[in-house]
Amino acid sequence: MSKKARFYLRGASLSASEKQTEKQMEDQASGTAMSTLSAHRMVTVSIIGLFVISVCGVLYFAQSLLLPVVLAGLFSLILSPVVRWFFRRGIPEPVTAFVLVFSMTASVFAGGYWLSAPISHWIDDAPRIEKRLQLKLAEMAGTIENIQEAQRKVEKATRQDPKSNVQEVVVKEPNLLNQAAQGAPEIFGGIGLTIVLLLLMLASGDMFYEKLIKALPTFKDKKRGLRIAKDIEREISRYLLTVFVINVCLGICVAVGLSFTDMPNPVLWGLAAALLNFVPYLGALVGIGIVAVVSLVSLPTLGAALVPPAIYMACTAIEGQLVTPSLVGRRLQINSVAVFLAIAFWGWMWGAVGIFIAVPVLIIIKVLSHHVDGLGGLSEFLGAREKHLPAESA
């Protein structure tokens with residue numbers, strides 16, 4: 001073989017080895033970059049997880065402070081358009097704020113005082129209701145032994161044996177009223193904080209928007225921040241006012257429908273229907289179940305006992321399937337899974353009040369995610385499912 005040929009072969013072998021070395025270096029660099037990216041993602045996920053856990057801890061342990069603030073903020077979003085409307089007609093904002101807050105507070109306390117007697121009666125009568133329910137269920141089962149046993153329990157719960165001179169000592173656990181009395185200072189403190197904070201928020205007028213504009217650095221940020229604040233106020237006020245009117249009408253329909261039956265306290269059950277309907281899905285089911293139990297205990301026959309829950313179910317079905325979707329609109333409809341998870345989370349976090357504020361808070365999150373870059377996936381998840389038109393046949 002000539003020297004020239006050997007030279008070319010040696011060059012080819014060197015170039016092949018250099019290419020292999022370069023490929024190995026590229027693979028190593030790519031592997032290093034992938035490992036660095038994976039480590040960066042793990043750190044990011046860990047930081048986000050720690051942040052979420054910290055926020056949940058703060059929400060849980062600072063409930064007594066944060067809950068009145070959140071309630072005052074939600075009521076402020078509802079009533080601010082009213083204050084602004086009267087201000088444009090010459091009435092000062094503090095005057096309108098005081099009248100609104102005083103009227104709302106007086107209405108709540110008057111309603112609570114009016115409902116305290118029937119609610120206390122039902123609470124005190126709960127053991128007897130339980131025994132009568134057992135008797136009704138035993139009658140439905142049809143066995144003589146169950147009926148006799150249930151009758152003995154009812155007689156034992158409703159009257160005492162006059163011939164017996166034995167003194168019975170019963171150790172009672174704290175009931176609902178005692179627990180409420182123990183937590184009364186904290187409850188009234190939270191109510192007072194909510195009322196004062198709401199009054200200050202409404203009396204300040206548009207001060208929040210003015211401070212927001214001054215605080216944001218650039219003109220673009222000012223426009224975006226103001227648009228987000230306005231959208232949140234508009235969507236929340238529109239949603240809550242619409243739902244409030246719908247629930248009031250639902251309560252009236254339930255009360256009127258139950259008044260044609262022998263159901264006791266139909267006005268009380270109408271009010272309960274209006275309040276429970278603020279909780280989507282679960283509120284209607286709970287209301288139907290309670291009305292069914294009370295009617296089964298209070299009415300003489302099974303046929304008569306089925307009428308009140310049927311009326312309640314018909315009213316809630318018409319409201320949920322026809323009235324609310326047509327008045328609220330698709331723009332405010334939210335994924336049912338997200339609604340259920342929000343109710344479960346806020347109910348676990350803040351109890352009954354958390355259940356009522358779950359959907360408004362979810363609407364605020366949806367509006368924020370719609371305007372903030374990088375949160376489009378969250379906005380898409382929270383939105384309701386879009387109805388696609390059927391494809392035309394070729």
# chains A, B, ... in the order shown; residues from 1 in each chain; ligands from 1
>>> residues_around(residues="region 231-247 of chain A", least_positions_apart="3", cutoff="8 Å", atoms="only C-alpha atoms", output="list in words")
Leu74, Leu77, Ile78, Leu79, Arg227, Ile228, Leu250, Gly251, Ala273, Ala274, Leu275, Asn277, Phe278, Glu319, Val323, Thr324, Leu327, Val328, Leu332, Pro360, Ile363, Ile364, Val367 and Leu368 of chain A
>>> write_last_selection(atoms="N, CA, C and O atoms", output="mmCIF file, in the first residue's frame")
data_model
loop_
_atom_site.group_PDB
_atom_site.id
_atom_site.type_symbol
_atom_site.label_atom_id
_atom_site.label_comp_id
_atom_site.auth_asym_id
_atom_site.auth_seq_id
_atom_site.Cartn_x
_atom_site.Cartn_y
_atom_site.Cartn_z
ATOM 1 N N LEU A 74 -66.118 39.778 51.030
ATOM 2 C CA LEU A 74 -67.184 39.309 50.141
ATOM 3 C C LEU A 74 -68.419 40.208 50.218
ATOM 4 O O LEU A 74 -69.001 40.581 49.187
ATOM 5 N N LEU A 77 -67.734 43.377 48.345
ATOM 6 C CA LEU A 77 -67.871 43.237 46.903
ATOM 7 C C LEU A 77 -69.340 43.281 46.475
ATOM 8 O O LEU A 77 -69.663 43.775 45.387
ATOM 9 N N ILE A 78 -70.223 42.775 47.322
ATOM 10 C CA ILE A 78 -71.651 42.788 46.986
ATOM 11 C C ILE A 78 -72.250 44.182 47.118
ATOM 12 O O ILE A 78 -73.001 44.644 46.247
ATOM 13 N N LEU A 79 -71.894 44.891 48.197
ATOM 14 C CA LEU A 79 -72.567 46.147 48.517
ATOM 15 C C LEU A 79 -71.860 47.375 47.944
ATOM 16 O O LEU A 79 -72.446 48.467 47.956
ATOM 17 N N ARG A 227 -58.342 46.305 36.006
ATOM 18 C CA ARG A 227 -59.283 45.444 35.297
ATOM 19 C C ARG A 227 -59.596 44.188 36.102
ATOM 20 O O ARG A 227 -60.759 43.752 36.165
ATOM 21 N N ILE A 228 -58.581 43.595 36.740
ATOM 22 C CA ILE A 228 -58.811 42.405 37.559
ATOM 23 C C ILE A 228 -59.721 42.734 38.742
ATOM 24 O O ILE A 228 -60.671 41.989 39.051
ATOM 25 N N LEU A 250 -86.745 30.484 46.002
ATOM 26 C CA LEU A 250 -86.858 29.052 46.288
ATOM 27 C C LEU A 250 -87.413 28.811 47.684
ATOM 28 O O LEU A 250 -88.282 27.942 47.878
ATOM 29 N N GLY A 251 -86.931 29.564 48.669
ATOM 30 C CA GLY A 251 -87.447 29.403 50.023
ATOM 31 C C GLY A 251 -88.927 29.722 50.121
ATOM 32 O O GLY A 251 -89.681 29.029 50.820
ATOM 33 N N ALA A 273 -84.298 25.940 53.317
ATOM 34 C CA ALA A 273 -84.050 25.666 51.893
ATOM 35 C C ALA A 273 -83.271 26.804 51.250
ATOM 36 O O ALA A 273 -82.360 26.575 50.435
ATOM 37 N N ALA A 274 -83.601 28.058 51.595
ATOM 38 C CA ALA A 274 -82.893 29.202 51.028
ATOM 39 C C ALA A 274 -81.434 29.219 51.461
ATOM 40 O O ALA A 274 -80.533 29.503 50.662
ATOM 41 N N LEU A 275 -81.167 28.912 52.726
ATOM 42 C CA LEU A 275 -79.783 28.928 53.220
ATOM 43 C C LEU A 275 -78.986 27.745 52.678
ATOM 44 O O LEU A 275 -77.825 27.899 52.261
ATOM 45 N N ASN A 277 -79.364 26.177 49.975
ATOM 46 C CA ASN A 277 -79.155 26.226 48.534
ATOM 47 C C ASN A 277 -77.934 27.058 48.140
ATOM 48 O O ASN A 277 -77.533 27.054 46.971
ATOM 49 N N PHE A 278 -77.335 27.783 49.089
ATOM 50 C CA PHE A 278 -76.071 28.459 48.817
ATOM 51 C C PHE A 278 -74.937 27.458 48.626
ATOM 52 O O PHE A 278 -73.884 27.814 48.104
ATOM 53 N N GLU A 319 -85.233 24.793 40.073
ATOM 54 C CA GLU A 319 -84.233 25.852 40.283
ATOM 55 C C GLU A 319 -82.885 25.476 39.708
ATOM 56 O O GLU A 319 -82.222 26.285 39.036
ATOM 57 N N VAL A 323 -83.780 27.539 36.281
ATOM 58 C CA VAL A 323 -83.692 28.937 36.686
ATOM 59 C C VAL A 323 -82.243 29.400 36.782
ATOM 60 O O VAL A 323 -81.835 30.380 36.142
ATOM 61 N N THR A 324 -81.442 28.713 37.602
ATOM 62 C CA THR A 324 -80.059 29.152 37.817
ATOM 63 C C THR A 324 -79.216 29.145 36.543
ATOM 64 O O THR A 324 -78.501 30.118 36.284
ATOM 65 N N LEU A 327 -80.197 32.269 34.448
ATOM 66 C CA LEU A 327 -79.937 33.590 35.028
ATOM 67 C C LEU A 327 -78.464 33.823 35.310
ATOM 68 O O LEU A 327 -77.966 34.937 35.125
ATOM 69 N N VAL A 328 -77.780 32.821 35.783
ATOM 70 C CA VAL A 328 -76.360 32.991 36.095
ATOM 71 C C VAL A 328 -75.533 33.053 34.828
ATOM 72 O O VAL A 328 -74.602 33.846 34.697
ATOM 73 N N LEU A 332 -70.221 32.174 34.359
ATOM 74 C CA LEU A 332 -69.936 31.958 35.767
ATOM 75 C C LEU A 332 -70.088 30.505 36.174
ATOM 76 O O LEU A 332 -69.974 30.203 37.364
ATOM 77 N N PRO A 360 -67.887 31.441 46.076
ATOM 78 C CA PRO A 360 -67.362 32.782 45.779
ATOM 79 C C PRO A 360 -65.842 32.844 45.715
ATOM 80 O O PRO A 360 -65.283 33.518 44.845
ATOM 81 N N ILE A 363 -64.782 31.487 42.436
ATOM 82 C CA ILE A 363 -64.994 32.442 41.343
ATOM 83 C C ILE A 363 -63.867 33.469 41.301
ATOM 84 O O ILE A 363 -63.371 33.845 40.222
ATOM 85 N N ILE A 364 -63.435 33.933 42.470
ATOM 86 C CA ILE A 364 -62.308 34.880 42.512
ATOM 87 C C ILE A 364 -61.049 34.248 41.932
ATOM 88 O O ILE A 364 -60.312 34.871 41.149
ATOM 89 N N VAL A 367 -61.362 34.130 38.121
ATOM 90 C CA VAL A 367 -61.131 35.425 37.477
ATOM 91 C C VAL A 367 -59.647 35.767 37.470
ATOM 92 O O VAL A 367 -59.097 36.235 36.458
ATOM 93 N N LEU A 368 -58.959 35.535 38.585
ATOM 94 C CA LEU A 368 -57.524 35.798 38.650
ATOM 95 C C LEU A 368 -56.749 34.945 37.658
ATOM 96 O O LEU A 368 -55.847 35.434 36.962
#
>>> residues_around(residues="Asp262 (chain A)", least_positions_apart="2", cutoff="7 Å", atoms="only C-alpha atoms", output="PyMOL selection string")
chain A and resi 260+264+299
>>> write_last_selection(atoms="C-alpha atoms", output="short mmCIF file (atom, residue, chain, number, x, y, z; two decimals), in the first residue's frame")
data_model
loop_
_atom_site.label_atom_id
_atom_site.label_comp_id
_atom_site.auth_asym_id
_atom_site.auth_seq_id
_atom_site.Cartn_x
_atom_site.Cartn_y
_atom_site.Cartn_z
CA PHE A 260 -100.49 22.91 51.89
CA PRO A 264 -94.94 21.67 60.94
CA LEU A 299 -97.26 12.82 59.44
#
>>> atom_distance(atom1="CA of Val372 (chain A)", atom2="CA of Lys214 (chain A)")
19.7 Å
>>> select_by_dssp(residues="region 307-389 of chain A", states="helix (DSSP H, G or I)", output="PyMOL selection string")
chain A and resi 307-328+330-332+336-371+376-382
>>> closest_residue(among="A:Pro308, A:Gly90, A:Gly351, A:Pro266", to="Ala292 (chain A)", atoms="only C-alpha atoms")
A:Pro308
>>> residues_around(residues="Arg224 (chain A)", least_positions_apart="5", cutoff="12 Å", atoms="only C-alpha atoms", output="list in words")
Tyr209, Leu212, Ile213, Leu216, Pro217, Thr218, Phe219, Ala229, Lys230, Asp231, Leu368, His370, His371, Val372 and Asp373 of chain A
>>> atom_distance(atom1="CA of Phe356 (chain A)", atom2="CA of Val293 (chain A)")
23.8 Å
>>> atom_distance(atom1="CA of Phe75 (chain A)", atom2="CA of Leu198 (chain A)")
7.1 Å
>>> residues_around(residues="Pro309 (chain A)", least_positions_apart="5", cutoff="8 Å", atoms="only C-alpha atoms", output="PyMOL selection string")
chain A and resi 288-289+291-292+295
>>> write_last_selection(atoms="C-alpha atoms", output="PDB file, in the first residue's frame")
ATOM      1  CA  ILE A 288     -84.505  16.846  51.115  1.00  0.00           C
ATOM      2  CA  GLY A 289     -83.168  14.362  53.661  1.00  0.00           C
ATOM      3  CA  VAL A 291     -87.573  17.260  55.357  1.00  0.00           C
ATOM      4  CA  ALA A 292     -88.090  13.554  54.640  1.00  0.00           C
ATOM      5  CA  SER A 295     -92.304  14.455  57.607  1.00  0.00           C
TER       6      SER A 295
END
>>> residues_around(residues="Gly287 (chain A)", least_positions_apart="2", cutoff="8 Å", atoms="only C-alpha atoms", output="compact mmCIF listing (two decimals) with all heavy atoms, in the first residue's frame")
# COMPACT_ATOMS: atom_id res chain seq x y z
N ALA A 272 -84.70 27.33 55.70
CA ALA A 272 -83.61 26.35 55.62
C ALA A 272 -83.28 26.02 54.17
O ALA A 272 -82.10 25.86 53.80
CB ALA A 272 -84.01 25.08 56.38
N ALA A 273 -84.30 25.94 53.32
CA ALA A 273 -84.05 25.67 51.89
C ALA A 273 -83.27 26.80 51.25
O ALA A 273 -82.36 26.58 50.43
CB ALA A 273 -85.38 25.46 51.17
N LEU A 276 -79.58 26.57 52.68
CA LEU A 276 -78.86 25.39 52.21
C LEU A 276 -78.55 25.45 50.72
O LEU A 276 -77.57 24.86 50.26
CB LEU A 276 -79.66 24.12 52.52
CG LEU A 276 -79.75 23.71 53.99
CD1 LEU A 276 -80.72 22.55 54.16
CD2 LEU A 276 -78.38 23.33 54.53
N GLY A 283 -76.39 21.02 49.32
CA GLY A 283 -77.43 21.69 50.10
C GLY A 283 -78.81 21.14 49.81
O GLY A 283 -79.60 20.91 50.74
N ALA A 284 -79.12 20.91 48.54
CA ALA A 284 -80.43 20.37 48.19
C ALA A 284 -80.62 18.96 48.72
O ALA A 284 -81.69 18.61 49.24
CB ALA A 284 -80.62 20.39 46.66
N LEU A 285 -79.57 18.14 48.64
CA LEU A 285 -79.68 16.77 49.15
C LEU A 285 -79.89 16.75 50.66
O LEU A 285 -80.72 15.98 51.17
CB LEU A 285 -78.41 15.99 48.78
CG LEU A 285 -78.17 15.77 47.28
CD1 LEU A 285 -76.85 15.05 47.06
CD2 LEU A 285 -79.32 14.98 46.67
N GLY A 289 -83.27 15.39 52.63
CA GLY A 289 -83.17 14.36 53.66
C GLY A 289 -83.77 14.79 54.98
O GLY A 289 -84.50 14.02 55.63
N ILE A 290 -83.52 16.04 55.40
CA ILE A 290 -84.08 16.53 56.67
C ILE A 290 -85.60 16.61 56.60
O ILE A 290 -86.31 16.19 57.54
CB ILE A 290 -83.46 17.89 57.02
CG1 ILE A 290 -81.96 17.75 57.27
CG2 ILE A 290 -84.15 18.49 58.24
CD1 ILE A 290 -81.26 19.07 57.51
N VAL A 291 -86.12 17.16 55.51
CA VAL A 291 -87.57 17.26 55.36
C VAL A 291 -88.21 15.87 55.32
O VAL A 291 -89.29 15.65 55.89
CB VAL A 291 -87.92 18.06 54.09
CG1 VAL A 291 -89.41 17.97 53.78
CG2 VAL A 291 -87.52 19.52 54.27
N TYR A 312 -90.22 19.56 47.95
CA TYR A 312 -88.88 20.14 48.09
C TYR A 312 -88.01 19.76 46.89
O TYR A 312 -87.32 20.61 46.30
CB TYR A 312 -88.27 19.66 49.40
CG TYR A 312 -87.06 20.42 49.85
CD1 TYR A 312 -87.09 21.19 51.00
CD2 TYR A 312 -85.86 20.36 49.15
CE1 TYR A 312 -85.98 21.90 51.42
CE2 TYR A 312 -84.74 21.06 49.57
CZ TYR A 312 -84.81 21.83 50.71
OH TYR A 312 -83.71 22.52 51.13
